[in-house]
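Colleague: For reference, this is data13.cif, and it has mmCIF, N, CA, C and O atoms.
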data_entry
loop_
_atom_site.label_atom_id
_atom_site.label_comp_id
_atom_site.auth_asym_id
_atom_site.auth_seq_id
_atom_site.Cartn_x
_atom_site.Cartn_y
_atom_site.Cartn_z
N MET A 1 15.35 25.96 -63.55
CA MET A 1 14.12 26.55 -63.13
C MET A 1 12.98 25.54 -63.15
O MET A 1 12.17 25.51 -62.24
N THR A 2 12.93 24.76 -64.20
CA THR A 2 11.86 23.79 -64.34
C THR A 2 11.93 22.75 -63.23
O THR A 2 10.91 22.36 -62.67
N SER A 3 13.12 22.31 -62.91
CA SER A 3 13.27 21.31 -61.85
C SER A 3 12.86 21.87 -60.50
O SER A 3 12.30 21.15 -59.67
N ILE A 4 13.11 23.13 -60.25
CA ILE A 4 12.70 23.75 -58.99
C ILE A 4 11.18 23.83 -58.93
O ILE A 4 10.56 23.54 -57.91
N ALA A 5 10.54 24.15 -60.04
CA ALA A 5 9.08 24.24 -60.10
C ALA A 5 8.46 22.86 -59.88
O ALA A 5 7.49 22.70 -59.15
N VAL A 6 9.04 21.84 -60.55
CA VAL A 6 8.53 20.48 -60.39
C VAL A 6 8.70 20.01 -58.95
O VAL A 6 7.80 19.42 -58.36
N ALA A 7 9.86 20.29 -58.36
CA ALA A 7 10.10 19.90 -56.98
C ALA A 7 9.12 20.62 -56.05
O ALA A 7 8.62 20.04 -55.08
N GLY A 8 8.84 21.88 -56.35
CA GLY A 8 7.88 22.64 -55.55
C GLY A 8 6.49 22.05 -55.61
O GLY A 8 5.79 21.95 -54.60
N PHE A 9 6.07 21.62 -56.81
CA PHE A 9 4.76 21.00 -56.95
C PHE A 9 4.68 19.66 -56.22
O PHE A 9 3.68 19.32 -55.60
N ILE A 10 5.76 18.89 -56.27
CA ILE A 10 5.78 17.59 -55.60
C ILE A 10 5.69 17.78 -54.09
O ILE A 10 4.92 17.11 -53.41
N VAL A 11 6.48 18.71 -53.57
CA VAL A 11 6.47 18.95 -52.13
C VAL A 11 5.10 19.48 -51.70
O VAL A 11 4.53 19.04 -50.71
N THR A 12 4.56 20.41 -52.46
CA THR A 12 3.25 20.98 -52.14
C THR A 12 2.17 19.92 -52.24
O THR A 12 1.29 19.84 -51.39
N GLY A 13 2.25 19.08 -53.24
CA GLY A 13 1.26 18.01 -53.41
C GLY A 13 1.34 17.00 -52.28
O GLY A 13 0.33 16.53 -51.77
N ALA A 14 2.55 16.65 -51.86
CA ALA A 14 2.72 15.70 -50.76
C ALA A 14 2.20 16.28 -49.47
O ALA A 14 1.54 15.59 -48.66
N ALA A 15 2.45 17.57 -49.25
CA ALA A 15 1.96 18.21 -48.03
C ALA A 15 0.45 18.30 -48.04
O ALA A 15 -0.22 18.05 -47.03
N ALA A 16 -0.13 18.61 -49.18
CA ALA A 16 -1.59 18.69 -49.29
C ALA A 16 -2.21 17.32 -49.10
O ALA A 16 -3.24 17.17 -48.45
N ALA A 17 -1.59 16.30 -49.65
CA ALA A 17 -2.10 14.93 -49.50
C ALA A 17 -2.03 14.50 -48.05
O ALA A 17 -2.94 13.85 -47.53
N ALA A 18 -0.94 14.86 -47.36
CA ALA A 18 -0.80 14.49 -45.95
C ALA A 18 -1.85 15.20 -45.12
O ALA A 18 -2.43 14.61 -44.20
N THR A 19 -2.11 16.46 -45.42
CA THR A 19 -3.12 17.20 -44.68
C THR A 19 -4.50 16.62 -44.93
O THR A 19 -5.28 16.43 -44.01
N THR A 20 -4.80 16.30 -46.16
CA THR A 20 -6.10 15.73 -46.50
C THR A 20 -6.27 14.36 -45.86
O THR A 20 -7.31 14.05 -45.31
N ALA A 21 -5.23 13.54 -45.90
CA ALA A 21 -5.31 12.21 -45.33
C ALA A 21 -5.51 12.29 -43.81
O ALA A 21 -6.25 11.52 -43.24
N ALA A 22 -4.85 13.24 -43.19
CA ALA A 22 -4.95 13.35 -41.75
C ALA A 22 -6.35 13.78 -41.33
O ALA A 22 -6.86 13.33 -40.30
N THR A 23 -6.98 14.62 -42.12
CA THR A 23 -8.31 15.07 -41.74
C THR A 23 -9.38 14.06 -42.09
O THR A 23 -10.41 14.01 -41.43
N THR A 24 -9.17 13.24 -43.10
CA THR A 24 -10.21 12.28 -43.48
C THR A 24 -10.11 10.99 -42.70
O THR A 24 -11.07 10.23 -42.67
N THR A 25 -8.99 10.72 -42.06
CA THR A 25 -8.86 9.47 -41.32
C THR A 25 -9.21 9.62 -39.85
O THR A 25 -9.09 8.68 -39.09
N ALA A 26 -9.64 10.80 -39.45
CA ALA A 26 -10.02 10.99 -38.05
C ALA A 26 -11.26 10.16 -37.76
O ALA A 26 -12.18 10.11 -38.56
N PRO A 27 -11.30 9.50 -36.63
CA PRO A 27 -12.47 8.67 -36.30
C PRO A 27 -13.71 9.54 -36.12
O PRO A 27 -13.65 10.66 -35.64
N ALA A 28 -14.84 8.98 -36.51
CA ALA A 28 -16.10 9.72 -36.42
C ALA A 28 -16.62 9.79 -34.99
O ALA A 28 -17.56 10.50 -34.70
N THR A 29 -16.00 9.04 -34.08
CA THR A 29 -16.49 8.99 -32.70
C THR A 29 -15.84 10.02 -31.80
O THR A 29 -15.86 9.87 -30.59
N THR A 30 -15.27 11.06 -32.39
CA THR A 30 -14.60 12.06 -31.56
C THR A 30 -15.58 13.01 -30.89
O THR A 30 -15.22 13.73 -30.00
N MET A 31 -16.83 13.00 -31.33
CA MET A 31 -17.83 13.85 -30.70
C MET A 31 -18.18 13.28 -29.33
O MET A 31 -18.39 12.08 -29.18
N ALA A 32 -18.24 14.13 -28.35
CA ALA A 32 -18.55 13.68 -27.00
C ALA A 32 -20.05 13.44 -26.87
O ALA A 32 -20.85 14.19 -27.40
N ALA A 33 -20.39 12.38 -26.18
CA ALA A 33 -21.79 12.08 -25.92
C ALA A 33 -22.32 13.08 -24.90
O ALA A 33 -21.58 13.54 -24.03
N PRO A 34 -23.59 13.43 -24.99
CA PRO A 34 -24.12 14.37 -24.01
C PRO A 34 -24.04 13.78 -22.60
O PRO A 34 -24.27 12.59 -22.40
N ALA A 35 -23.66 14.61 -21.68
CA ALA A 35 -23.49 14.15 -20.30
C ALA A 35 -24.85 13.87 -19.67
O ALA A 35 -25.79 14.62 -19.85
N LYS A 36 -24.92 12.77 -18.96
CA LYS A 36 -26.15 12.43 -18.26
C LYS A 36 -26.14 13.12 -16.90
O LYS A 36 -25.10 13.25 -16.27
N LYS A 37 -27.31 13.53 -16.50
CA LYS A 37 -27.41 14.16 -15.19
C LYS A 37 -27.31 13.08 -14.12
O LYS A 37 -27.97 12.04 -14.19
N ALA A 38 -26.49 13.33 -13.15
CA ALA A 38 -26.36 12.39 -12.04
C ALA A 38 -27.46 12.69 -11.03
O ALA A 38 -27.78 13.85 -10.76
N LYS A 39 -28.04 11.63 -10.51
CA LYS A 39 -29.05 11.82 -9.48
C LYS A 39 -28.36 12.30 -8.21
O LYS A 39 -27.38 11.72 -7.77
N THR A 40 -28.88 13.33 -7.67
CA THR A 40 -28.31 13.86 -6.44
C THR A 40 -29.33 13.67 -5.32
O THR A 40 -30.11 14.56 -5.00
N THR A 41 -29.34 12.47 -4.80
CA THR A 41 -30.24 12.18 -3.69
C THR A 41 -29.41 12.17 -2.42
O THR A 41 -28.37 11.53 -2.35
N THR A 42 -29.87 12.89 -1.46
CA THR A 42 -29.16 12.91 -0.19
C THR A 42 -29.90 11.99 0.76
O THR A 42 -31.13 12.02 0.84
N MET A 43 -29.14 11.19 1.43
CA MET A 43 -29.72 10.28 2.40
C MET A 43 -30.02 11.04 3.68
O MET A 43 -29.14 11.70 4.23
N THR A 44 -31.25 10.94 4.11
CA THR A 44 -31.59 11.56 5.39
C THR A 44 -31.05 10.67 6.50
O THR A 44 -30.81 9.47 6.29
N PRO A 45 -30.85 11.22 7.67
CA PRO A 45 -30.36 10.39 8.78
C PRO A 45 -31.29 9.20 9.07
O PRO A 45 -30.83 8.12 9.43
N GLU A 46 -32.58 9.40 8.85
CA GLU A 46 -33.53 8.31 9.09
C GLU A 46 -33.31 7.18 8.10
O GLU A 46 -33.27 6.00 8.48
N LYS A 47 -33.14 7.52 6.80
CA LYS A 47 -32.91 6.49 5.79
C LYS A 47 -31.58 5.80 6.01
O LYS A 47 -31.45 4.60 5.78
N THR A 48 -30.57 6.54 6.44
CA THR A 48 -29.26 5.95 6.71
C THR A 48 -29.36 4.95 7.84
O THR A 48 -28.79 3.85 7.76
N ALA A 49 -30.10 5.30 8.87
CA ALA A 49 -30.27 4.39 10.01
C ALA A 49 -31.00 3.12 9.59
O ALA A 49 -30.63 2.01 10.01
N ILE A 50 -32.02 3.27 8.75
CA ILE A 50 -32.77 2.10 8.27
C ILE A 50 -31.86 1.21 7.44
O ILE A 50 -31.86 -0.01 7.59
N SER A 51 -31.07 1.81 6.56
CA SER A 51 -30.16 1.04 5.71
C SER A 51 -29.13 0.28 6.54
O SER A 51 -28.85 -0.89 6.28
N LYS A 52 -28.58 0.95 7.55
CA LYS A 52 -27.60 0.27 8.43
C LYS A 52 -28.24 -0.85 9.21
O LYS A 52 -27.64 -1.92 9.40
N GLN A 53 -29.48 -0.64 9.67
CA GLN A 53 -30.19 -1.67 10.42
C GLN A 53 -30.42 -2.90 9.52
O GLN A 53 -30.20 -4.03 9.95
N CYS A 54 -30.83 -2.66 8.29
CA CYS A 54 -31.07 -3.77 7.37
C CYS A 54 -29.77 -4.50 7.04
O CYS A 54 -29.77 -5.73 6.92
N SER A 55 -28.68 -3.77 6.91
CA SER A 55 -27.38 -4.41 6.66
C SER A 55 -26.96 -5.27 7.84
O SER A 55 -26.44 -6.37 7.67
N ALA A 56 -27.19 -4.76 9.04
CA ALA A 56 -26.84 -5.53 10.24
C ALA A 56 -27.67 -6.80 10.33
O ALA A 56 -27.14 -7.87 10.69
N LEU A 57 -28.94 -6.72 9.99
CA LEU A 57 -29.79 -7.91 10.01
C LEU A 57 -29.34 -8.92 8.94
O LEU A 57 -29.34 -10.13 9.19
N ALA A 58 -28.95 -8.43 7.78
CA ALA A 58 -28.47 -9.31 6.72
C ALA A 58 -27.15 -9.96 7.13
O ALA A 58 -26.92 -11.15 6.85
N ASP A 59 -26.28 -9.21 7.83
CA ASP A 59 -25.02 -9.77 8.33
C ASP A 59 -25.30 -10.87 9.35
O ASP A 59 -24.64 -11.91 9.35
N ALA A 60 -26.26 -10.61 10.22
CA ALA A 60 -26.59 -11.60 11.26
C ALA A 60 -27.09 -12.90 10.64
O ALA A 60 -26.84 -13.99 11.18
N GLN A 61 -27.77 -12.79 9.51
CA GLN A 61 -28.28 -13.99 8.84
C GLN A 61 -27.26 -14.56 7.85
O GLN A 61 -27.54 -15.56 7.18
N LYS A 62 -26.09 -13.92 7.75
CA LYS A 62 -25.01 -14.35 6.86
C LYS A 62 -25.48 -14.46 5.41
O LYS A 62 -25.16 -15.42 4.71
N LEU A 63 -26.22 -13.44 4.97
CA LEU A 63 -26.73 -13.42 3.60
C LEU A 63 -25.70 -12.78 2.67
O LEU A 63 -25.02 -11.83 3.05
N HIS A 64 -25.61 -13.31 1.45
CA HIS A 64 -24.69 -12.80 0.44
C HIS A 64 -25.38 -12.80 -0.91
O HIS A 64 -26.33 -13.54 -1.13
N GLY A 65 -24.88 -11.97 -1.81
CA GLY A 65 -25.34 -11.96 -3.20
C GLY A 65 -26.78 -11.51 -3.35
O GLY A 65 -27.24 -10.57 -2.72
N LYS A 66 -27.49 -12.20 -4.23
CA LYS A 66 -28.86 -11.83 -4.56
C LYS A 66 -29.79 -11.96 -3.36
O LYS A 66 -30.70 -11.15 -3.19
N ALA A 67 -29.56 -12.96 -2.52
CA ALA A 67 -30.41 -13.13 -1.34
C ALA A 67 -30.28 -11.92 -0.41
O ALA A 67 -31.27 -11.42 0.13
N ARG A 68 -29.05 -11.41 -0.26
CA ARG A 68 -28.82 -10.23 0.58
C ARG A 68 -29.49 -8.99 -0.03
O ARG A 68 -30.13 -8.22 0.67
N GLU A 69 -29.34 -8.82 -1.35
CA GLU A 69 -29.96 -7.68 -2.02
C GLU A 69 -31.48 -7.69 -1.84
O GLU A 69 -32.08 -6.65 -1.54
N LYS A 70 -32.10 -8.85 -2.03
CA LYS A 70 -33.55 -8.96 -1.89
C LYS A 70 -33.97 -8.71 -0.45
O LYS A 70 -34.93 -7.97 -0.19
N PHE A 71 -33.24 -9.27 0.50
CA PHE A 71 -33.57 -9.08 1.91
C PHE A 71 -33.49 -7.60 2.28
O PHE A 71 -34.38 -7.05 2.92
N ARG A 72 -32.40 -6.93 1.88
CA ARG A 72 -32.23 -5.51 2.21
C ARG A 72 -33.30 -4.64 1.58
O ARG A 72 -33.80 -3.72 2.18
N ALA A 73 -33.67 -4.95 0.32
CA ALA A 73 -34.71 -4.18 -0.36
C ALA A 73 -36.03 -4.30 0.37
O ALA A 73 -36.72 -3.30 0.62
N ASP A 74 -36.40 -5.54 0.74
CA ASP A 74 -37.65 -5.76 1.48
C ASP A 74 -37.59 -5.10 2.85
O ASP A 74 -38.57 -4.50 3.31
N CYS A 75 -36.45 -5.21 3.50
CA CYS A 75 -36.28 -4.64 4.84
C CYS A 75 -36.42 -3.11 4.81
O CYS A 75 -37.10 -2.53 5.64
N LYS A 76 -35.80 -2.48 3.82
CA LYS A 76 -35.87 -1.01 3.71
C LYS A 76 -37.29 -0.55 3.41
O LYS A 76 -37.72 0.50 3.88
N LYS A 77 -38.03 -1.35 2.64
CA LYS A 77 -39.44 -1.00 2.35
C LYS A 77 -40.27 -1.06 3.62
O LYS A 77 -41.26 -0.34 3.75
N ASN A 78 -39.90 -1.94 4.54
CA ASN A 78 -40.63 -2.10 5.81
C ASN A 78 -40.08 -1.20 6.90
O ASN A 78 -40.40 -1.40 8.09
N GLY A 79 -39.23 -0.28 6.59
CA GLY A 79 -38.73 0.66 7.58
C GLY A 79 -37.68 0.09 8.52
O GLY A 79 -37.56 0.53 9.66
N GLY A 80 -36.90 -0.89 8.07
CA GLY A 80 -35.83 -1.46 8.89
C GLY A 80 -36.22 -2.69 9.66
O GLY A 80 -35.48 -3.17 10.51
N LYS A 81 -37.38 -3.23 9.36
CA LYS A 81 -37.84 -4.44 10.03
C LYS A 81 -37.86 -5.58 9.02
O LYS A 81 -38.32 -5.41 7.90
N PRO A 82 -37.37 -6.76 9.42
CA PRO A 82 -37.39 -7.90 8.48
C PRO A 82 -38.83 -8.35 8.21
O PRO A 82 -39.73 -8.14 9.02
N THR A 83 -39.03 -8.97 7.07
CA THR A 83 -40.37 -9.43 6.71
C THR A 83 -40.58 -10.85 7.16
O THR A 83 -39.72 -11.64 7.31
#
For this file, produce the structure as structure tokens.
Modeller:
Amino acid sequence: MTSIAVAGFIVTGAAAAATTAATTTAPATTMAAPAKKAKTTTMTPEKTAISKQCSALADAQKLHGKAREKFRADCKKNGGKPT
């Protein structure tokens, strides 16, 4: 009887220790970060046409990288006309 009781305590203690260890070792980063709202801007046909015009002008000038980005930004501010 005593050996059965001791074995029961050992098994119960091991199970309790495993449960405790499993809950305490969970990473603290399991909480999800709050979702950011995505901007929902719809391009009007006019803005789309201006953007395509500026891209075509940048292609014609064979612009790439930062120079292309700057050119397109300036072009779009001017309504599709190069500066």
Colleague: Could you tell me which of A:Ala49, A:Leu57, A:Met43, A:Leu63 comes closest to A:Pro82 if we count all atoms listed in the file?
Modeller: A:Leu57
Colleague: Decode the PyMOL selection byres (((chain A and resi 75 and name CA) around 10) and name CA) for the given file into explicit residues and return them as a ChimeraX atom specification.
Modeller: /A:50-51,53-55,57-58,69-74,76-83
Colleague: Atom CA of A:Lys39 and atom CA of A:His64 are how many Å apart?
Modeller: 26.9 Å
Colleague: Provide the atom CA of A:Arg68 to atom C of A:Glu46 distance in Å, to one decimal place.
Modeller: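 For atom CA of A:Arg68 relative to atom C of A:Glu46, the distance reads 19.5 Å.
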